[in-house]
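Asker: Contents are mmCIF, C-alpha atoms, pLDDT in the B column; chains and numbers go by the auth columns; file name query35.cif:
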data_run
#
loop_
_atom_site.group_PDB
_atom_site.id
_atom_site.type_symbol
_atom_site.label_atom_id
_atom_site.label_comp_id
_atom_site.label_asym_id
_atom_site.label_seq_id
_atom_site.Cartn_x
_atom_site.Cartn_y
_atom_site.Cartn_z
_atom_site.B_iso_or_equiv
_atom_site.auth_seq_id
_atom_site.auth_asym_id
ATOM 1 C CA MET A 1 172.051 -68.095 45.269 55.00 188 A
ATOM 2 C CA ILE A 2 173.399 -68.863 41.827 60.00 189 A
ATOM 3 C CA GLU A 3 173.762 -65.243 40.758 70.00 190 A
ATOM 4 C CA SER A 4 175.905 -64.471 43.767 75.00 191 A
ATOM 5 C CA GLU A 5 178.290 -67.308 42.862 83.00 192 A
ATOM 6 C CA LEU A 6 178.533 -65.978 39.321 86.00 193 A
ATOM 7 C CA LEU A 7 179.087 -62.398 40.516 84.00 194 A
ATOM 8 C CA HIS A 8 181.908 -63.541 42.775 86.00 195 A
ATOM 9 C CA ILE A 9 183.711 -64.683 39.643 89.00 196 A
ATOM 10 C CA VAL A 10 182.788 -61.850 37.291 90.00 197 A
ATOM 11 C CA ILE A 11 183.411 -58.820 39.523 91.00 198 A
ATOM 12 C CA PRO A 12 187.065 -59.583 40.487 92.00 199 A
ATOM 13 C CA ILE A 13 187.877 -60.176 36.808 94.00 200 A
ATOM 14 C CA LEU A 14 186.343 -56.775 35.962 93.00 201 A
ATOM 15 C CA LEU A 15 188.310 -55.225 38.834 93.00 202 A
ATOM 16 C CA VAL A 16 191.594 -56.515 37.403 94.00 203 A
ATOM 17 C CA VAL A 17 190.573 -55.337 33.924 94.00 204 A
ATOM 18 C CA CYS A 18 189.851 -51.815 35.239 92.00 205 A
ATOM 19 C CA ALA A 19 193.154 -51.709 37.146 94.00 206 A
ATOM 20 C CA LEU A 20 195.088 -52.758 34.023 94.00 207 A
ATOM 21 C CA LEU A 21 193.188 -50.141 32.002 93.00 208 A
ATOM 22 C CA VAL A 22 194.327 -47.447 34.440 92.00 209 A
ATOM 23 C CA LEU A 23 197.924 -48.514 33.871 93.00 210 A
ATOM 24 C CA ILE A 24 197.773 -48.895 30.080 93.00 211 A
ATOM 25 C CA VAL A 25 195.778 -45.847 28.946 91.00 212 A
ATOM 26 C CA ASN A 26 197.676 -42.659 28.017 89.00 213 A
ATOM 27 C CA ASP A 27 194.892 -40.117 28.511 88.00 214 A
ATOM 28 C CA LEU A 28 194.659 -39.033 32.147 89.00 215 A
ATOM 29 C CA ILE A 29 190.908 -38.348 32.101 89.00 216 A
ATOM 30 C CA ILE A 30 190.175 -41.854 30.822 92.00 217 A
ATOM 31 C CA ALA A 31 192.442 -43.307 33.516 93.00 218 A
ATOM 32 C CA THR A 32 190.553 -41.323 36.172 93.00 219 A
ATOM 33 C CA ILE A 33 187.197 -42.574 34.899 92.00 220 A
ATOM 34 C CA ALA A 34 188.541 -46.136 34.935 93.00 221 A
ATOM 35 C CA LEU A 35 189.652 -45.605 38.548 93.00 222 A
ATOM 36 C CA GLY A 36 186.133 -44.461 39.411 93.00 223 A
ATOM 37 C CA ALA A 37 184.699 -47.557 37.740 93.00 224 A
ATOM 38 C CA LEU A 38 187.121 -49.676 39.776 94.00 225 A
ATOM 39 C CA SER A 39 185.852 -48.063 42.982 93.00 226 A
ATOM 40 C CA LEU A 40 182.243 -48.637 41.977 93.00 227 A
ATOM 41 C CA LEU A 41 182.908 -52.319 41.230 93.00 228 A
ATOM 42 C CA LEU A 42 184.767 -52.617 44.537 93.00 229 A
ATOM 43 C CA SER A 43 181.769 -51.184 46.391 93.00 230 A
ATOM 44 C CA LEU A 44 179.528 -53.693 44.589 91.00 231 A
ATOM 45 C CA GLU A 45 181.857 -56.464 45.736 91.00 232 A
ATOM 46 C CA PHE A 46 181.677 -55.175 49.330 91.00 233 A
ATOM 47 C CA PHE A 47 177.885 -55.201 49.062 90.00 234 A
ATOM 48 C CA ILE A 48 177.857 -58.805 47.840 89.00 235 A
ATOM 49 C CA LEU A 49 180.157 -59.764 50.738 89.00 236 A
ATOM 50 C CA GLN A 50 177.430 -58.329 53.064 88.00 237 A
ATOM 51 C CA ALA A 51 179.209 -55.196 54.249 90.00 238 A
ATOM 52 C CA PRO A 52 176.808 -52.424 53.152 90.00 239 A
ATOM 53 C CA ASP A 53 178.391 -49.852 55.485 90.00 240 A
ATOM 54 C CA VAL A 54 181.758 -50.190 53.790 91.00 241 A
ATOM 55 C CA ALA A 55 180.019 -50.240 50.402 92.00 242 A
ATOM 56 C CA ILE A 56 178.358 -46.856 50.984 91.00 243 A
ATOM 57 C CA ALA A 57 181.609 -45.349 52.289 90.00 244 A
ATOM 58 C CA GLU A 58 183.557 -46.725 49.323 90.00 245 A
ATOM 59 C CA ALA A 59 180.993 -45.446 46.808 90.00 246 A
ATOM 60 C CA GLY A 60 180.987 -41.996 48.401 89.00 247 A
ATOM 61 C CA ILE A 61 184.694 -41.512 48.997 90.00 248 A
ATOM 62 C CA GLY A 62 186.327 -43.692 46.357 88.00 249 A
ATOM 63 C CA ALA A 63 184.033 -43.269 43.400 89.00 250 A
ATOM 64 C CA ALA A 64 182.946 -39.655 43.828 89.00 251 A
ATOM 65 C CA ILE A 65 185.326 -37.494 45.848 91.00 252 A
ATOM 66 C CA THR A 66 188.578 -39.081 44.677 92.00 253 A
ATOM 67 C CA THR A 67 187.471 -38.750 41.046 91.00 254 A
ATOM 68 C CA ALA A 68 186.494 -35.114 41.616 90.00 255 A
ATOM 69 C CA ILE A 69 189.867 -34.341 43.225 90.00 256 A
ATOM 70 C CA PHE A 70 191.745 -36.029 40.376 91.00 257 A
ATOM 71 C CA ILE A 71 189.716 -34.138 37.761 88.00 258 A
ATOM 72 C CA ILE A 72 190.368 -30.810 39.529 87.00 259 A
ATOM 73 C CA ALA A 73 194.096 -31.604 39.653 88.00 260 A
ATOM 74 C CA ILE A 74 194.162 -32.588 35.968 88.00 261 A
ATOM 75 C CA LYS A 75 192.312 -29.403 34.980 83.00 262 A
ATOM 76 C CA ALA A 76 194.921 -27.357 36.847 83.00 263 A
ATOM 77 C CA THR A 77 197.733 -28.890 34.777 83.00 264 A
ATOM 78 C CA LYS A 78 198.240 -28.933 31.032 72.00 265 A
ATOM 79 C CA ARG A 79 196.394 -31.665 29.163 58.00 266 A
ATOM 80 C CA MET A 80 198.794 -34.120 27.546 52.00 267 A
ATOM 81 C CA MET B 1 182.922 -25.091 33.351 68.00 102 B
ATOM 82 C CA MET B 2 182.127 -28.337 31.632 75.00 103 B
ATOM 83 C CA SER B 3 179.859 -29.081 28.694 85.00 104 B
ATOM 84 C CA LYS B 4 176.120 -28.516 28.580 90.00 105 B
ATOM 85 C CA ILE B 5 175.323 -32.225 29.014 92.00 106 B
ATOM 86 C CA VAL B 6 177.273 -32.413 32.282 89.00 107 B
ATOM 87 C CA ARG B 7 175.652 -29.232 33.609 90.00 108 B
ATOM 88 C CA THR B 8 172.118 -30.403 32.790 92.00 109 B
ATOM 89 C CA ILE B 9 172.646 -33.812 34.389 92.00 110 B
ATOM 90 C CA THR B 10 174.132 -32.095 37.450 91.00 111 B
ATOM 91 C CA ASN B 11 171.088 -29.832 37.743 92.00 112 B
ATOM 92 C CA LEU B 12 168.842 -32.880 37.587 93.00 113 B
ATOM 93 C CA PHE B 13 170.696 -35.157 39.976 93.00 114 B
ATOM 94 C CA THR B 14 172.065 -32.902 42.720 93.00 115 B
ATOM 95 C CA PRO B 15 168.823 -32.566 44.777 94.00 116 B
ATOM 96 C CA PHE B 16 168.412 -36.332 44.831 95.00 117 B
ATOM 97 C CA ILE B 17 172.027 -36.840 45.928 93.00 118 B
ATOM 98 C CA PHE B 18 171.560 -34.339 48.762 94.00 119 B
ATOM 99 C CA MET B 19 168.279 -35.986 49.763 95.00 120 B
ATOM 100 C CA PHE B 20 169.867 -39.445 49.808 93.00 121 B
ATOM 101 C CA GLY B 21 172.788 -38.214 51.894 92.00 122 B
ATOM 102 C CA LEU B 22 170.455 -36.681 54.488 93.00 123 B
ATOM 103 C CA TYR B 23 168.383 -39.882 54.471 92.00 124 B
ATOM 104 C CA VAL B 24 171.449 -42.011 55.201 92.00 125 B
ATOM 105 C CA ILE B 25 172.452 -39.659 58.040 92.00 126 B
ATOM 106 C CA ILE B 26 169.025 -39.550 59.707 90.00 127 B
ATOM 107 C CA HIS B 27 168.359 -43.297 59.363 89.00 128 B
ATOM 108 C CA GLY B 28 171.882 -44.170 60.496 87.00 129 B
ATOM 109 C CA HIS B 29 170.903 -46.314 63.489 85.00 130 B
ATOM 110 C CA ILE B 30 168.301 -48.541 61.807 86.00 131 B
ATOM 111 C CA THR B 31 169.661 -49.008 58.280 86.00 132 B
ATOM 112 C CA PRO B 32 173.230 -49.388 56.972 87.00 133 B
ATOM 113 C CA GLY B 33 175.108 -46.136 56.915 84.00 134 B
ATOM 114 C CA GLY B 34 175.582 -43.398 59.445 86.00 135 B
ATOM 115 C CA GLY B 35 177.080 -39.990 59.848 88.00 136 B
ATOM 116 C CA PHE B 36 180.276 -40.588 57.919 92.00 137 B
ATOM 117 C CA GLN B 37 178.683 -42.397 54.974 92.00 138 B
ATOM 118 C CA GLY B 38 175.830 -39.943 54.568 92.00 139 B
ATOM 119 C CA GLY B 39 178.180 -37.010 54.868 93.00 140 B
ATOM 120 C CA ALA B 40 180.395 -38.509 52.181 92.00 141 B
ATOM 121 C CA VAL B 41 177.393 -38.891 49.862 93.00 142 B
ATOM 122 C CA PHE B 42 176.310 -35.287 50.509 93.00 143 B
ATOM 123 C CA ALA B 43 179.845 -33.971 49.975 93.00 144 B
ATOM 124 C CA SER B 44 180.076 -35.944 46.723 92.00 145 B
ATOM 125 C CA GLY B 45 177.071 -33.930 45.518 92.00 146 B
ATOM 126 C CA ILE B 46 178.906 -30.702 46.356 91.00 147 B
ATOM 127 C CA ALA B 47 182.024 -32.026 44.602 91.00 148 B
ATOM 128 C CA LEU B 48 179.863 -32.746 41.546 90.00 149 B
ATOM 129 C CA LEU B 49 178.645 -29.133 41.596 90.00 150 B
ATOM 130 C CA ILE B 50 182.222 -27.832 41.887 89.00 151 B
ATOM 131 C CA VAL B 51 183.481 -30.000 39.014 88.00 152 B
ATOM 132 C CA ALA B 52 180.540 -29.302 36.709 89.00 153 B
ATOM 133 C CA PHE B 53 180.267 -25.556 37.291 87.00 154 B
ATOM 134 C CA ASN B 54 182.965 -23.051 37.968 80.00 155 B
ATOM 135 C CA SER B 55 184.397 -23.070 41.479 79.00 156 B
ATOM 136 C CA LYS B 56 183.993 -19.286 41.743 81.00 157 B
ATOM 137 C CA LYS B 57 180.273 -19.660 41.036 83.00 158 B
ATOM 138 C CA VAL B 58 179.972 -22.230 43.823 83.00 159 B
ATOM 139 C CA GLN B 59 181.991 -20.009 46.152 83.00 160 B
ATOM 140 C CA LYS B 60 179.362 -17.285 45.914 85.00 161 B
ATOM 141 C CA HIS B 61 176.896 -19.525 47.771 86.00 162 B
ATOM 142 C CA LEU B 62 179.282 -21.653 49.855 85.00 163 B
ATOM 143 C CA LYS B 63 181.908 -19.682 51.719 85.00 164 B
ATOM 144 C CA GLU B 64 184.864 -21.438 53.258 85.00 165 B
ATOM 145 C CA HIS B 65 184.586 -19.815 56.695 88.00 166 B
ATOM 146 C CA HIS B 66 180.909 -20.821 56.887 89.00 167 B
ATOM 147 C CA LEU B 67 182.003 -24.415 56.314 89.00 168 B
ATOM 148 C CA SER B 68 184.564 -23.998 59.090 91.00 169 B
ATOM 149 C CA ILE B 69 181.839 -22.769 61.465 93.00 170 B
ATOM 150 C CA ILE B 70 179.611 -25.759 60.569 92.00 171 B
ATOM 151 C CA GLU B 71 182.476 -28.196 61.148 92.00 172 B
ATOM 152 C CA SER B 72 183.328 -26.742 64.547 93.00 173 B
ATOM 153 C CA SER B 73 179.678 -26.713 65.616 94.00 174 B
ATOM 154 C CA GLY B 74 179.380 -30.394 64.663 92.00 175 B
ATOM 155 C CA ALA B 75 182.361 -31.279 66.825 93.00 176 B
ATOM 156 C CA LEU B 76 181.031 -29.191 69.738 94.00 177 B
ATOM 157 C CA MET B 77 177.598 -30.835 69.404 91.00 178 B
ATOM 158 C CA PHE B 78 179.191 -34.295 69.546 91.00 179 B
ATOM 159 C CA ILE B 79 181.243 -33.459 72.634 91.00 180 B
ATOM 160 C CA GLY B 80 178.266 -31.804 74.318 89.00 181 B
ATOM 161 C CA LEU B 81 176.066 -34.842 73.731 86.00 182 B
ATOM 162 C CA ALA B 82 178.798 -37.100 75.072 84.00 183 B
ATOM 163 C CA PHE B 83 179.059 -35.069 78.289 83.00 184 B
ATOM 164 C CA ALA B 84 175.252 -34.871 78.543 81.00 185 B
ATOM 165 C CA GLY B 85 175.399 -38.641 78.990 76.00 186 B
ATOM 166 C CA LEU B 86 177.082 -38.073 82.362 78.00 187 B
ATOM 167 C CA ALA B 87 174.202 -35.946 83.582 73.00 188 B
ATOM 168 C CA PHE B 88 170.795 -37.057 82.338 72.00 189 B
ATOM 169 C CA THR B 89 170.753 -39.042 79.099 68.00 190 B
ATOM 170 C CA PHE B 90 172.520 -42.207 80.299 69.00 191 B
ATOM 171 C CA PHE B 91 170.231 -45.198 79.563 65.00 192 B
ATOM 172 C CA PHE B 92 167.357 -42.792 79.053 68.00 193 B
ATOM 173 C CA ASN B 93 165.779 -41.857 75.743 68.00 194 B
ATOM 174 C CA ILE B 94 165.199 -38.112 75.818 69.00 195 B
ATOM 175 C CA LEU B 95 163.636 -37.990 72.352 70.00 196 B
ATOM 176 C CA ILE B 96 160.742 -40.383 72.720 69.00 197 B
ATOM 177 C CA GLY B 97 157.387 -39.670 74.335 65.00 198 B
ATOM 178 C CA SER B 98 157.466 -35.942 73.680 67.00 199 B
ATOM 179 C CA PRO B 99 154.806 -34.387 71.423 66.00 200 B
ATOM 180 C CA ILE B 100 157.379 -33.394 68.809 67.00 201 B
ATOM 181 C CA PHE B 101 158.999 -36.750 68.171 68.00 202 B
ATOM 182 C CA GLY B 102 156.039 -39.096 68.430 66.00 203 B
ATOM 183 C CA GLN B 103 154.707 -41.792 70.675 69.00 204 B
ATOM 184 C CA ILE B 104 156.523 -44.510 72.596 71.00 205 B
ATOM 185 C CA PRO B 105 157.126 -47.494 70.263 70.00 206 B
ATOM 186 C CA PRO B 106 156.005 -51.007 71.300 71.00 207 B
ATOM 187 C CA GLU B 107 158.476 -53.190 73.126 73.00 208 B
ATOM 188 C CA GLY B 108 160.254 -56.073 71.458 72.00 209 B
ATOM 189 C CA SER B 109 161.227 -56.279 67.830 73.00 210 B
ATOM 190 C CA ASN B 110 159.687 -53.637 65.623 71.00 211 B
ATOM 191 C CA PRO B 111 160.259 -52.486 62.042 72.00 212 B
ATOM 192 C CA GLY B 112 162.392 -49.599 63.240 72.00 213 B
ATOM 193 C CA PHE B 113 161.238 -46.168 64.297 74.00 214 B
ATOM 194 C CA ILE B 114 163.507 -43.192 63.821 74.00 215 B
ATOM 195 C CA TRP B 115 163.528 -41.746 67.354 71.00 216 B
ATOM 196 C CA THR B 116 164.284 -44.980 69.185 73.00 217 B
ATOM 197 C CA ALA B 117 168.010 -45.008 69.896 73.00 218 B
ATOM 198 C CA GLY B 118 168.508 -42.384 72.571 73.00 219 B
ATOM 199 C CA VAL B 119 171.087 -39.814 71.579 80.00 220 B
ATOM 200 C CA ILE B 120 172.523 -41.918 68.715 84.00 221 B
ATOM 201 C CA PRO B 121 170.504 -40.069 65.975 85.00 222 B
ATOM 202 C CA LEU B 122 171.691 -36.726 67.346 86.00 223 B
ATOM 203 C CA MET B 123 175.281 -37.962 67.377 89.00 224 B
ATOM 204 C CA ASN B 124 174.873 -39.192 63.791 91.00 225 B
ATOM 205 C CA ILE B 125 173.617 -35.734 62.810 92.00 226 B
ATOM 206 C CA ALA B 126 176.641 -34.123 64.522 93.00 227 B
ATOM 207 C CA VAL B 127 179.098 -36.433 62.764 93.00 228 B
ATOM 208 C CA GLY B 128 177.244 -35.843 59.500 93.00 229 B
ATOM 209 C CA LEU B 129 177.570 -32.060 59.817 93.00 230 B
ATOM 210 C CA LYS B 130 181.290 -32.379 60.520 94.00 231 B
ATOM 211 C CA VAL B 131 181.934 -34.729 57.610 93.00 232 B
ATOM 212 C CA ILE B 132 179.853 -32.658 55.153 93.00 233 B
ATOM 213 C CA ALA B 133 181.699 -29.460 56.072 93.00 234 B
ATOM 214 C CA GLY B 134 185.149 -31.081 56.136 92.00 235 B
ATOM 215 C CA LEU B 135 184.981 -32.914 52.814 91.00 236 B
ATOM 216 C CA SER B 136 183.279 -29.972 51.069 92.00 237 B
ATOM 217 C CA ALA B 137 185.960 -27.614 52.379 91.00 238 B
ATOM 218 C CA ILE B 138 188.716 -29.944 51.100 90.00 239 B
ATOM 219 C CA VAL B 139 187.315 -30.062 47.564 90.00 240 B
ATOM 220 C CA LEU B 140 186.354 -26.351 47.509 90.00 241 B
ATOM 221 C CA VAL B 141 189.742 -25.101 48.717 88.00 242 B
ATOM 222 C CA MET B 142 191.560 -27.365 46.269 88.00 243 B
ATOM 223 C CA ALA B 143 189.427 -26.157 43.345 88.00 244 B
ATOM 224 C CA LEU B 144 189.805 -22.502 44.326 86.00 245 B
ATOM 225 C CA SER B 145 193.558 -22.664 44.853 85.00 246 B
ATOM 226 C CA SER B 146 194.034 -24.456 41.539 82.00 247 B
ATOM 227 C CA SER B 147 192.174 -21.652 39.734 76.00 248 B
ATOM 228 C CA ASN B 148 194.378 -18.930 41.273 68.00 249 B
ATOM 229 C CA VAL B 149 191.823 -17.363 43.570 60.00 250 B
ATOM 230 C CA ARG B 150 193.055 -15.899 46.798 59.00 251 B
ATOM 231 C CA ILE B 151 191.442 -17.649 49.774 56.00 252 B
ATOM 232 C CA GLU B 152 190.624 -15.521 52.775 55.00 253 B
ATOM 233 C CA GLU B 153 191.229 -17.155 56.116 50.00 254 B
#
Translate the structure described by the file into structure tokens.
Answerer:
Amino acid sequence: MIESELLHIVIPILLVVCALLVLIVNDLIIATIALGALSLLLSLEFFILQAPDVAIAEAGIGAAITTAIFIIAIKATKRM
Amino acid sequence: MMSKIVRTITNLFTPFIFMFGLYVIIHGHITPGGGFQGGAVFASGIALLIVAFNSKKVQKHLKEHHLSIIESSGALMFIGLAFAGLAFTFFFNILIGSPIFGQIPPEGSNPGFIWTAGVIPLMNIAVGLKVIAGLSAIVLVMALSSSNVRIEE
């Protein structure tokens, strides 16, 4: 499949871009959203590598619950 | 309490998230997924409710000690099913052939019927209950304690 070959190149580049965005950005909410996007791209990569079990677990834990916990923790502190 | 856009989208999407989580749990032995994955999806729906609305408003309908009871009952159900294998469910499908759960499926490869894997669906449901209650309790207790509400034991 040609699209799969292309996605194997595009998705790791987007992963590195999201990880750098988490480091660079000053606003904590934007960094949390970028972390959630990183988890979603990582679950897409797991799905392309034919591990749908790990993809569902990563999308549930990494993209949803971790983001929710970070947002709750940021709301409990003072916004910079 | 977040903005009106977030609350409206949460009201629209939460039933579908719950439905998909229960689907992943129940179909755990014939499609990808299982108890842990479906429970994580379901608990992510509850986390979405807690983030979008106030945690006190969620606490009115979802008490922490009820979640503790659900988690313990899931663990007890798993252990009970495991010990039932010693007595009468070893290599024997107790779910199939009864009038509730449908007819005996044909032998050989088939497209996948739900009640075909012995006690594995019941064990998936037990693990799903435990994971739903555990992850929901983690997020709920963290949200409540960060908003200075006293948590009863």
Asker: Counting only C-alpha atoms, figure out which residue out of B:Trp216, B:Ile239, B:Ser169, B:Thr115 gets nearest to chain A.
Answerer: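 That would be B:Ile239, the residue with the smallest distance to chain A.
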Asker: Which of these residues is nearest to A:Leu236, using all atoms listed in the file: A:His195, A:Glu190, A:Leu207, A:Ala255?
Answerer: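 Closest to A:Leu236, using all atoms listed in the file: A:His195.
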Asker: From the options B:Tyr124, B:Phe114, B:Phe143, B:Phe179, which residue's atoms come nearest to chain A, counting only C-alpha atoms?
Answerer: B:Phe143
Asker: Name the residues in contact with A:Ala250 at a cut-off of 7 Å, using all atoms listed in the file, excluding same-chain residues fewer than 3 positions from it; report them as a PyMOL selection string.
Answerer: chain A and resi 223+226-227+245-247+253-254
Asker: Have a look at atom CA of B:Gly186 and atom CA of B:Ala227 and let me know their distance in Å, one decimal.
Answerer: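 Distance between the two atoms: 15.2 Å.
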Asker: Kindly compute an axis-aligned box around the listed atoms of stretch 219-229 of chain A, allowing 4 Å on each side, and express its centre and edge lengths in Å to one decimal as AutoDock Vina command-line options.
Answerer:
--center_x 186.4 --center_y -47.0 --center_z 39.7 --size_x 16.3 --size_y 19.3 --size_z 17.6
Asker: Give me, as JSON lines, the closest atom pair and its distance (Å, one decimal) for every residue of chain A within a cut-off of 9 Å of chain B, counting all atoms listed in the file, rows sorted by chain and rising number.
Answerer:
{"residue": "A:Ala238", "atom": "CA", "partner": "B:Pro133", "partner_atom": "CA", "distance": 8.8}
{"residue": "A:Pro239", "atom": "CA", "partner": "B:Pro133", "partner_atom": "CA", "distance": 6.1}
{"residue": "A:Asp240", "atom": "CA", "partner": "B:Gly134", "partner_atom": "CA", "distance": 5.2}
{"residue": "A:Val241", "atom": "CA", "partner": "B:Gly134", "partner_atom": "CA", "distance": 8.4}
{"residue": "A:Ile243", "atom": "CA", "partner": "B:Gln138", "partner_atom": "CA", "distance": 6.0}
{"residue": "A:Ala244", "atom": "CA", "partner": "B:Gln138", "partner_atom": "CA", "distance": 4.9}
{"residue": "A:Glu245", "atom": "CA", "partner": "B:Gln138", "partner_atom": "CA", "distance": 8.6}
{"residue": "A:Ala246", "atom": "CA", "partner": "B:Val142", "partner_atom": "CA", "distance": 8.1}
{"residue": "A:Gly247", "atom": "CA", "partner": "B:Val142", "partner_atom": "CA", "distance": 5.0}
{"residue": "A:Ile248", "atom": "CA", "partner": "B:Ala141", "partner_atom": "CA", "distance": 6.1}
{"residue": "A:Ala250", "atom": "CA", "partner": "B:Ser145", "partner_atom": "CA", "distance": 9.0}
{"residue": "A:Ala251", "atom": "CA", "partner": "B:Ser145", "partner_atom": "CA", "distance": 5.5}
{"residue": "A:Ile252", "atom": "CA", "partner": "B:Ser145", "partner_atom": "CA", "distance": 5.5}
{"residue": "A:Ala255", "atom": "CA", "partner": "B:Ala148", "partner_atom": "CA", "distance": 6.2}
{"residue": "A:Ile256", "atom": "CA", "partner": "B:Val240", "partner_atom": "CA", "distance": 6.6}
{"residue": "A:Ile258", "atom": "CA", "partner": "B:Val152", "partner_atom": "CA", "distance": 7.6}
{"residue": "A:Ile259", "atom": "CA", "partner": "B:Ala244", "partner_atom": "CA", "distance": 6.1}
{"residue": "A:Ala260", "atom": "CA", "partner": "B:Ser247", "partner_atom": "CA", "distance": 7.4}
{"residue": "A:Lys262", "atom": "CA", "partner": "B:Ser247", "partner_atom": "CA", "distance": 8.4}
{"residue": "A:Ala263", "atom": "CA", "partner": "B:Ser247", "partner_atom": "CA", "distance": 5.6}
{"residue": "A:Thr264", "atom": "CA", "partner": "B:Ser247", "partner_atom": "CA", "distance": 8.9}
Asker: Of the candidates A:Phe234, A:Lys265, A:Phe257, A:Glu192, which shows the shortest atom-to-atom distance to A:Ala221, using all atoms listed in the file?
Answerer: A:Phe257
Asker: So which residues touch B:Ala234 within 6 Å, counting all atoms listed in the file, skipping near sequence neighbours fewer than 3 positions away, as number ranges by chain?
Answerer: B: 168, 172, 231, 237-238
